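Everything below belongs to target-v1.cif, which stores mmCIF, C-alpha atoms.
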data_input
#
loop_
_atom_site.label_atom_id
_atom_site.label_comp_id
_atom_site.auth_asym_id
_atom_site.auth_seq_id
_atom_site.Cartn_x
_atom_site.Cartn_y
_atom_site.Cartn_z
CA VAL A 1 -19.27 -2.56 -3.11
CA MET A 2 -15.79 -1.73 -4.38
CA GLU A 3 -16.89 -2.26 -7.98
CA ARG A 4 -19.72 0.21 -7.38
CA ALA A 5 -17.29 2.62 -5.70
CA PHE A 6 -15.00 2.53 -8.74
CA LEU A 7 -17.85 3.00 -11.20
CA ASP A 8 -19.17 5.95 -9.18
CA HIS A 9 -15.66 7.41 -8.64
CA LEU A 10 -16.02 7.31 -4.85
CA PRO A 11 -12.94 8.04 -2.71
CA PRO A 12 -11.98 5.42 -0.09
CA ALA A 13 -13.58 7.39 2.77
CA GLN A 14 -16.99 7.25 1.08
CA ALA A 15 -16.51 3.62 0.08
CA ALA A 16 -15.76 2.83 3.72
CA ARG A 17 -19.17 4.19 4.75
CA LEU A 18 -20.81 1.77 2.30
CA ILE A 19 -18.72 -1.14 3.54
CA GLU A 20 -19.15 -0.59 7.27
CA PRO A 21 -22.78 -1.83 7.62
CA LEU A 22 -21.91 -4.99 5.65
CA ILE A 23 -19.03 -6.30 7.76
CA GLY A 24 -18.26 -7.31 11.32
CA LEU A 25 -15.10 -7.25 13.35
CA ASP A 26 -12.32 -9.58 12.29
CA THR A 27 -10.77 -11.88 14.90
CA PRO A 28 -7.95 -9.56 16.10
CA ARG A 29 -10.34 -6.62 16.55
CA ALA A 30 -12.97 -8.76 18.28
CA MET A 31 -10.28 -10.02 20.66
CA ALA A 32 -9.24 -6.41 21.32
CA VAL A 33 -12.78 -5.66 22.53
CA MET A 34 -12.77 -8.72 24.80
CA ASN A 35 -9.34 -7.76 26.15
CA LEU A 36 -10.63 -4.28 26.96
CA ARG A 37 -13.49 -5.83 28.93
CA ASP A 38 -11.03 -7.93 30.92
CA LYS A 39 -8.81 -4.90 31.62
CA ILE A 40 -11.74 -2.80 32.81
CA LEU A 41 -12.97 -5.55 35.16
CA ALA A 42 -9.47 -6.13 36.54
CA ASN A 43 -8.61 -2.46 37.17
CA PRO A 44 -11.21 -0.66 39.30
CA GLY A 45 -9.98 2.84 40.12
CA ASN A 46 -7.27 2.73 37.47
CA LEU A 47 -6.68 4.06 33.98
CA VAL A 48 -6.96 1.63 31.08
CA TYR A 49 -6.72 2.21 27.34
CA ALA A 50 -9.07 1.39 24.50
CA GLY A 51 -6.46 1.61 21.82
CA GLU A 52 -5.04 5.09 22.40
CA LEU A 53 -8.15 6.38 24.19
CA PRO A 54 -7.82 6.47 28.00
CA ILE A 55 -10.70 5.23 30.16
CA ARG A 56 -10.82 5.99 33.88
CA VAL A 57 -12.48 3.06 35.66
CA PRO A 58 -14.46 4.11 38.74
CA THR A 59 -13.31 2.71 42.07
CA GLU A 60 -16.53 0.72 42.33
CA GLY A 61 -16.21 -0.36 38.68
CA PHE A 62 -18.66 0.26 35.85
CA GLY A 63 -22.23 -0.91 36.03
CA THR A 64 -23.38 -3.43 33.43
CA GLY A 65 -24.90 -0.79 31.15
CA ALA A 66 -21.94 1.60 31.39
CA LEU A 67 -19.46 -1.22 30.74
CA GLN A 68 -21.36 -2.33 27.65
CA ALA A 69 -21.50 1.26 26.39
CA LYS A 70 -17.69 1.54 26.63
CA LEU A 71 -17.26 -1.77 24.81
CA ASP A 72 -19.77 -0.82 22.10
CA ALA A 73 -18.04 2.51 21.50
CA TYR A 74 -14.67 0.78 21.14
CA ALA A 75 -16.11 -1.89 18.84
CA ASN A 76 -17.68 0.79 16.64
CA ARG A 77 -14.35 2.60 16.33
CA LEU A 78 -12.64 -0.64 15.36
CA LEU A 79 -15.38 -1.41 12.84
CA LYS A 80 -14.91 1.98 11.18
CA GLN A 81 -11.16 1.37 11.16
CA ARG A 82 -11.64 -2.00 9.46
CA ALA A 83 -14.00 -0.51 6.85
CA VAL A 84 -11.47 2.21 6.00
CA THR A 85 -8.68 -0.37 5.78
CA ILE A 86 -10.72 -2.50 3.36
CA ALA A 87 -11.66 0.50 1.22
CA ARG A 88 -8.11 1.87 1.02
CA THR A 89 -6.52 -1.53 0.40
CA GLU A 90 -8.96 -2.67 -2.28
CA THR A 91 -8.82 0.72 -4.02
CA ALA A 92 -5.03 0.58 -4.13
CA LYS A 93 -5.02 -3.05 -5.32
CA ALA A 94 -7.52 -2.35 -8.09
CA SER A 95 -5.61 0.73 -9.22
CA ALA A 96 -2.33 -1.21 -9.27
CA ALA A 97 -3.95 -4.08 -11.17
CA GLY A 98 -5.18 -1.65 -13.80
CA GLN A 99 -1.71 -0.12 -14.09
CA HIS A 100 -0.16 -3.58 -14.48
CA ALA A 101 -2.69 -4.54 -17.15
CA MET A 102 -1.84 -1.41 -19.14
CA TRP A 103 1.91 -2.00 -18.84
CA ARG A 104 1.55 -5.63 -19.91
CA LYS A 105 -0.58 -4.68 -22.88
CA ALA A 106 2.09 -2.13 -23.87
CA LEU A 107 4.69 -4.90 -23.45
CA ALA A 108 2.71 -7.28 -25.67
CA GLU A 109 2.41 -4.61 -28.37
CA GLY A 110 6.11 -3.74 -28.30
CA TYR A 111 5.96 -0.31 -26.65
CA LEU A 112 7.85 -1.68 -23.64
CA ASP A 113 10.36 -4.53 -23.35
CA ASN A 114 11.81 -6.33 -20.36
CA GLU A 115 15.39 -5.67 -21.42
CA HIS A 116 15.15 -1.88 -21.36
CA ASP A 117 12.12 -1.27 -19.14
CA LYS A 118 11.50 -2.38 -15.56
CA ARG A 119 8.98 -1.76 -12.83
CA ARG A 120 10.46 -0.12 -9.74
CA TRP A 121 9.18 -0.45 -6.17
CA ILE A 122 8.91 2.92 -4.39
CA ALA A 123 8.47 2.72 -0.62
CA GLY A 124 5.86 5.03 0.85
CA PRO A 125 6.81 7.68 3.42
CA ASP A 126 5.69 5.40 6.29
CA ALA A 127 6.75 2.10 4.73
CA CYS A 128 6.70 -0.94 6.99
CA GLU A 129 10.18 -2.13 7.89
CA GLU A 130 9.28 -5.82 7.56
CA LEU A 131 8.48 -5.68 3.84
CA CYS A 132 8.21 -2.43 1.92
CA ALA A 133 11.17 -0.48 3.31
CA GLN A 134 13.51 -3.35 2.51
CA MET A 135 12.17 -3.55 -1.04
CA HIS A 136 12.61 0.14 -1.83
CA GLY A 137 14.18 0.48 -5.28
CA GLN A 138 13.83 -3.17 -6.26
CA LEU A 139 13.30 -3.77 -9.98
CA ALA A 140 11.01 -6.33 -11.64
CA ASP A 141 10.20 -7.24 -15.24
CA ILE A 142 7.06 -5.64 -16.64
CA ASP A 143 5.34 -9.03 -16.51
CA GLY A 144 7.45 -10.38 -13.64
CA SER A 145 7.34 -10.43 -9.85
CA TYR A 146 9.10 -8.78 -6.93
CA THR A 147 10.93 -10.78 -4.30
CA SER A 148 10.06 -10.13 -0.67
CA PRO A 149 12.75 -10.14 2.07
CA ASP A 150 11.80 -13.73 2.95
CA GLY A 151 12.08 -14.87 -0.67
CA GLU A 152 8.40 -14.98 -1.65
CA GLN A 153 7.35 -13.80 -5.10
CA PHE A 154 4.48 -11.34 -5.42
CA ASP A 155 3.03 -9.15 -8.11
CA GLY A 156 3.21 -5.80 -6.33
CA SER A 157 -0.52 -5.17 -6.01
CA ASP A 158 -0.91 -7.62 -3.12
CA GLY A 159 1.60 -6.38 -0.54
CA HIS A 160 -0.36 -5.85 2.68
CA PRO A 161 -3.37 -3.88 4.01
CA ASN A 162 -3.04 -0.08 3.98
CA CYS A 163 0.14 -0.22 1.89
CA GLU A 164 1.10 3.27 0.64
CA CYS A 165 3.90 2.15 -1.68
CA THR A 166 3.77 2.79 -5.40
CA GLU A 167 5.44 1.59 -8.57
CA GLY A 168 6.87 3.30 -11.61
CA LEU A 169 8.86 2.53 -14.71
CA ALA A 170 12.61 2.63 -14.12
CA ASP A 171 14.72 4.44 -16.70
CA ALA A 172 17.75 2.94 -18.45
CA GLU A 173 20.22 4.57 -16.02
CA ALA A 174 18.49 3.00 -13.04
CA ILE A 175 18.59 -0.42 -14.69
CA VAL A 176 22.33 -0.06 -15.36
CA ARG A 177 22.88 1.00 -11.73
CA ALA A 178 20.97 -2.03 -10.49
CA ALA A 179 23.33 -4.24 -12.47
CA GLY A 180 26.39 -2.34 -11.16
CA GLY A 181 27.35 -1.41 -14.74
CA LYS A 182 30.38 0.75 -15.44
CA GLU A 183 28.25 3.60 -16.81
CA SER A 184 26.44 3.94 -13.54
CA GLY A 185 29.22 5.17 -11.25
CA ASP A 186 27.73 2.70 -8.77
CA HIS A 187 30.00 -0.31 -9.05
CA GLY A 188 28.60 -3.11 -6.94
CA HIS A 189 26.31 -0.97 -4.78
CA LYS A 190 25.28 -2.21 -1.35
CA GLY A 191 21.54 -2.51 -1.91
CA ARG A 192 19.68 -5.78 -2.16
CA PRO A 193 19.94 -7.60 -5.51
CA GLY A 194 17.73 -5.83 -8.00
CA GLN A 195 17.66 -2.61 -6.01
CA VAL A 196 18.75 0.79 -7.19
CA GLY A 197 21.27 2.89 -5.29
CA GLY A 198 21.10 1.11 -1.95
CA SER A 199 20.18 4.31 -0.09
CA GLY A 200 16.92 2.86 1.22
CA PRO A 201 14.06 4.72 2.93
CA GLY A 202 15.27 7.65 4.95
CA GLY A 203 18.33 8.06 2.74
CA ASN A 204 18.87 10.60 -0.02
CA ASP A 205 16.86 8.83 -2.72
CA PRO A 206 14.74 11.59 -4.34
CA LEU A 207 12.06 9.03 -5.21
CA LYS A 208 11.40 8.03 -1.59
CA GLY A 209 7.65 8.26 -1.10
CA GLU A 210 7.07 9.78 -4.53
CA LYS A 211 5.39 8.55 -7.68
CA LEU A 212 7.50 8.28 -10.80
CA GLY A 213 6.73 10.67 -13.60
CA GLU A 214 9.31 13.13 -14.78
CA HIS A 215 11.97 11.00 -13.07
CA THR A 216 11.56 8.23 -15.68
CA PRO A 217 11.63 9.94 -19.10
CA GLY A 218 12.36 6.79 -21.08
CA GLY A 219 9.49 4.67 -19.81
CA ALA A 220 7.16 7.65 -19.52
CA GLN A 221 7.72 8.67 -23.15
CA LYS A 222 7.02 5.12 -24.31
CA MET A 223 3.80 5.01 -22.30
CA ILE A 224 2.74 8.40 -23.66
CA ALA A 225 3.15 7.01 -27.17
CA TYR A 226 1.15 3.93 -26.19
CA LEU A 227 -1.67 5.97 -24.61
CA GLU A 228 -1.84 8.29 -27.60
CA LYS A 229 -2.28 5.24 -29.82
CA GLU A 230 -4.93 3.74 -27.51
CA THR A 231 -6.97 6.92 -26.98
CA GLY A 232 -6.37 8.88 -30.16
CA GLU A 233 -5.50 11.86 -27.94
CA SER A 234 -2.31 13.90 -27.95
CA PHE A 235 -0.47 14.26 -24.64
CA ALA A 236 2.38 16.41 -25.95
#
Mind turning the file's structure into structure tokens?
Amino acid sequence: VMERAFLDHLPPAQAARLIEPLIGLDTPRAMAVMNLRDKILANPGNLVYAGELPIRVPTEGFGTGALQAKLDAYANRLLKQRAVTIARTETAKASAAGQHAMWRKALAEGYLDNEHDKRRWIAGPDACEELCAQMHGQLADIDGSYTSPDGEQFDGSDGHPNCECTEGLADAEAIVRAAGGKESGDHGHKGRPGQVGGSGPGGNDPLKGEKLGEHTPGGAQKMIAYLEKETGESFA
């Protein structure tokens, strides 16, 4: 389905509508429906919640048909949620994998090199604190891996479902700063090893939640040269 969505240039919302009839609820969502049933049966006359949606349980409780209708409605909402999560996550992973493939091809052909060019992790505006927020600004070789807070290595395209983080090419100044070089004015910064600046999400980093473009002239100019060679087009 996702291959078809990419070939047809479908946005994630449309891809989710194709996915929804083909999947069921995963275990956590199925358990959420069962937990709602238990809460409704245990709370006659009270207010219970199906996710964030309030449900007022009659004093005499719901009849069998009415109870099943409430459960079905909640299950359908969770199914749509799961379909959207799959579509968004797989779209982002495929896009990142394509970006990595292009960077690695440029590396193999000498347009980029691991000494002067790095990939940089850019936390999304709502980055999760457990993984992405702590990795904000971390650098990795073009063909290397990032290091998660618990020490695991991963490529960058396989973070977690619904991840909104992005990557870009770090410029030479950022690489010097990450090493605490004397030209950086950032001697021994307080970020994690391999991170730039140490400001972290919510700080004054102008790249927080943004994609790199004009911020990375060195890497961007190299990739423009590479793309011009690959496509025969001029991007000047």
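For the set A:Ala106, A:Leu18, A:Ala5, A:Leu131, the residue with the smallest atom-to-atom gap to Ala225 (chain A) is A:Ala106, counting all atoms listed in the file.
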Here's the selection I'm unsure about, the PyMOL selection byres ((chain A and resi 73-83) around 7); applied to the file above, which residues does it give, as a PyMOL selection string? chain A and resi 16+19-20+24-25+29+33+50+69-72+84-87
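Using only C-alpha atoms, the smallest distance between any of A:Arg88, A:Leu169, A:Pro125, A:Gly137 and Ala13 (chain A) comes from A:Arg88.
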Mind checking which residues fall within 8 Å of Ser145 (chain A), counting all atoms listed in the file, ignoring those fewer than 2 positions away in the same chain, and posting them as a PyMOL selection string? chain A and resi 140-141+143+147+153-156
Give me a file of those residues, with C-alpha atoms, as a PDB file, in the coordinates of the input.
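Output file result.pdb follows:
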ATOM      1  CA  ALA A 140      11.010  -6.330 -11.640  1.00  0.00           C
ATOM      2  CA  ASP A 141      10.200  -7.240 -15.240  1.00  0.00           C
ATOM      3  CA  ASP A 143       5.340  -9.030 -16.510  1.00  0.00           C
ATOM      4  CA  THR A 147      10.930 -10.780  -4.300  1.00  0.00           C
ATOM      5  CA  GLN A 153       7.350 -13.800  -5.100  1.00  0.00           C
ATOM      6  CA  PHE A 154       4.480 -11.340  -5.420  1.00  0.00           C
ATOM      7  CA  ASP A 155       3.030  -9.150  -8.110  1.00  0.00           C
ATOM      8  CA  GLY A 156       3.210  -5.800  -6.330  1.00  0.00           C
TER       9      GLY A 156
END
Fewer than 5 positions away in the same chain doesn't count, so skip those; otherwise give me all residues within 12 Å of Cys163 (chain A), counting all atoms listed in the file, as a ChimeraX atom specification. /A:85-93,96,122-129,131-133,156-158,209
Selection in question (the file shown): the PyMOL selection byres ((chain A and resi 62) around 12). Which residues does it include, as a PyMOL selection string? chain A and resi 37+39-46+55-61+63-71
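What separates CA of Val48 (chain A) from CA of Ala30 (chain A) is a distance of 17.5 Å.
For the pair CA of Gly232 (chain A) and CA of Arg4 (chain A), the separation is 27.8 Å.
Those residues positioned at most 8 Å from (4.8, -2.9, -17.2) are Gln99, His100, Ala101, Met102, Trp103, Arg104, Ala106, Leu107, Leu112, Asp117, Lys118, Arg119, Asp141, Ile142, Asp143 and Leu169 of chain A, judged using only C-alpha atoms.
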Using the selection just defined, write its residues with C-alpha atoms as an mmCIF file, keeping the file's coordinate frame.
data_model
loop_
_atom_site.group_PDB
_atom_site.id
_atom_site.type_symbol
_atom_site.label_atom_id
_atom_site.label_comp_id
_atom_site.auth_asym_id
_atom_site.auth_seq_id
_atom_site.Cartn_x
_atom_site.Cartn_y
_atom_site.Cartn_z
ATOM 1 C CA GLN A 99 -1.710 -0.120 -14.090
ATOM 2 C CA HIS A 100 -0.160 -3.580 -14.480
ATOM 3 C CA ALA A 101 -2.690 -4.540 -17.150
ATOM 4 C CA MET A 102 -1.840 -1.410 -19.140
ATOM 5 C CA TRP A 103 1.910 -2.000 -18.840
ATOM 6 C CA ARG A 104 1.550 -5.630 -19.910
ATOM 7 C CA ALA A 106 2.090 -2.130 -23.870
ATOM 8 C CA LEU A 107 4.690 -4.900 -23.450
ATOM 9 C CA LEU A 112 7.850 -1.680 -23.640
ATOM 10 C CA ASP A 117 12.120 -1.270 -19.140
ATOM 11 C CA LYS A 118 11.500 -2.380 -15.560
ATOM 12 C CA ARG A 119 8.980 -1.760 -12.830
ATOM 13 C CA ASP A 141 10.200 -7.240 -15.240
ATOM 14 C CA ILE A 142 7.060 -5.640 -16.640
ATOM 15 C CA ASP A 143 5.340 -9.030 -16.510
ATOM 16 C CA LEU A 169 8.860 2.530 -14.710
#
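The spacing separating CA of Leu227 (chain A) from CA of Ala108 (chain A) amounts to 14.0 Å.
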Show me, as JSON, the centre and edge lengths in Å to one decimal of the axis-aligned box that covers every listed atom of region 71-85 of chain A with 3 Å on each side.
{"center_x": -14.2, "center_y": 0.3, "center_z": 15.3, "size_x": 17.1, "size_y": 10.6, "size_z": 25.0}
With a distance cut-off of 8 Å and all atoms listed in the file, select the neighbouring residues of Pro149 (chain A), excluding the residue or stretch itself and same-chain residues fewer than 2 positions from it, and output the selection as number ranges by chain. A: 130-131, 134-135, 147, 151-152
